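Reviewing the structure listed below.
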Amino acid sequence: MNFDEKSGEVPCITSWGKWHQTMDSVFIHVDVQAGTRGSNVRCDITARSLKLAVKGEEIISGELFARVVVDDCVWTVEDGCLVRIALCKSSRYPSDCWKSLLQHQYDADAATVDSMEKKLTLERFQRENPGFDFSKADITGNYHGGGPKLPLS
C-alpha cells in the first residue's frame with residue numbers, strides 16, 4: 001500500500017466532480033452521464049492547458065495551474081459514468097502545491113489548500129525517511145511551501 005492509499009486524498013470538490021494531488025500528479029474525477037464511452041470523450045492535454053468535452057459538451061477548459069508532462073498524462077472512462085484524468089506535474093516538489101486546477105478556476109478554499117500543503121509535506125518526509133510511516137501523522141508549524149529547508153549534510 002502506498003502513501004496516498006494509507007493517508008487518503010485531500011479533494012477539492014467541483015460542480016463536475018473533484019480533483020486532488022500528490023507531489024507527482026494531479027488527479028481529476030469527472031462524473032458523466034451513465035453509458036458514456038471513450039468515443040464520446042474528447043480530452044486535449046497540453047503542457048499548459050486542459051480541455052475536456054463529453055458528448056460535445058465542454059466540461060473543463062482553460063490554462064492549467066502549472067505545467068504538466070504531456071506524454072505521461074492519461075485519461076480513461078470507468079464504469080461508463082466517470083472520466084478519470086491523471087496529469088503528471090512538471091515540477092514535483094512539495095512546495096509546488098496547486099491552489100487551483102486551472103488558472104482562476106476550480107480554486108481550492110483556504111482550508112483545503114492548507115490540508116493539501118500538509119499532505120505534500122508529509123509525503124516529502126515519507127520519501128526522505130522510507131523506514132517510517134507518516135501516513136497518519138499530523139503536522140503543525142512550518143509546512144507551507146513544502147516544509148523546512150534542511151541543510152544538506
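Residues are referred to by chain and number: the chain letter is A, B, ... according to the order shown in the C-alpha cells, the number counts from 1 in that chain, and ligands are numbered separately from 1 in the order shown.
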Report the closest atom pair, with its distance in Å rounded to one decimal, for each residue of segment 32-89 of chain A that has an atom no farther than 9 Å from segment 6-22 of chain A; count only C-alpha atoms, sort by chain and then rising residue number, and write it as a tab-separated table.
residue	atom	partner	partner_atom	distance
A:Val32	CA	A:Trp16	CA	8.0
A:Ile59	CA	A:Trp16	CA	7.5
A:Ile60	CA	A:Trp16	CA	8.8
Q | Contact residues around segment 91-106 of chain A with only C-alpha atoms at 6 Å, ignoring same-chain residues under 2 positions, as a PyMOL selection string | A | chain A and resi 23-24+63-65+89+108+120-121+145-146
Q.
When DSSP is applied to the backbone of this structure, which of chain A are assigned strand (DSSP E)? Write them out as a PyMOL selection string.
A. chain A and resi 12-13+17-21+25-31+41-45+49-54+57-63+74-78+82-88+100-102+105-107
Q: Pick out the closest residue to Val41 of chain A from this set: A:Ile85, A:Ala110, A:Leu122, A:Cys73. Count only C-alpha atoms.
A: A:Ile85
**Q.** Nearest-residue call for Gly80 of chain A, choices A:Ile45, A:Val30, A:Met116, A:Ala66, using only C-alpha atoms
**A.** A:Val30
Q.
Let me make sure I understand: among A:Ser49, A:Ser39, A:Ser61, A:Thr76, which one has the smallest atom-to-atom distance to Phe27 of chain A if we use only C-alpha atoms?
A. A:Thr76
Q. Just asking: which residues within segment 13-138 of chain A are helix (DSSP H, G or I) according to DSSP, as an MDAnalysis selection string?
A. chainID A and resid 38:40 70:72 110:128
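Take the candidates A:Leu87, A:Gly35, A:Lys118, A:Val74 and check each one against Ile139 of chain A using only C-alpha atoms; the shortest distance goes to A:Lys118.
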Q.
Please compute the atom CA of Val83 of chain A-atom CA of Ser25 of chain A distance, one decimal, in Å.
A.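 Spanning atom CA of Val83 of chain A to atom CA of Ser25 of chain A is a straight-line distance of 16.2 Å.
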Q: For atom CA of Ser115 of chain A and atom CA of Arg84 of chain A, quote the distance in Å rounded to one decimal.
A: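 Result for atom CA of Ser115 of chain A versus atom CA of Arg84 of chain A: 22.3 Å, one decimal.
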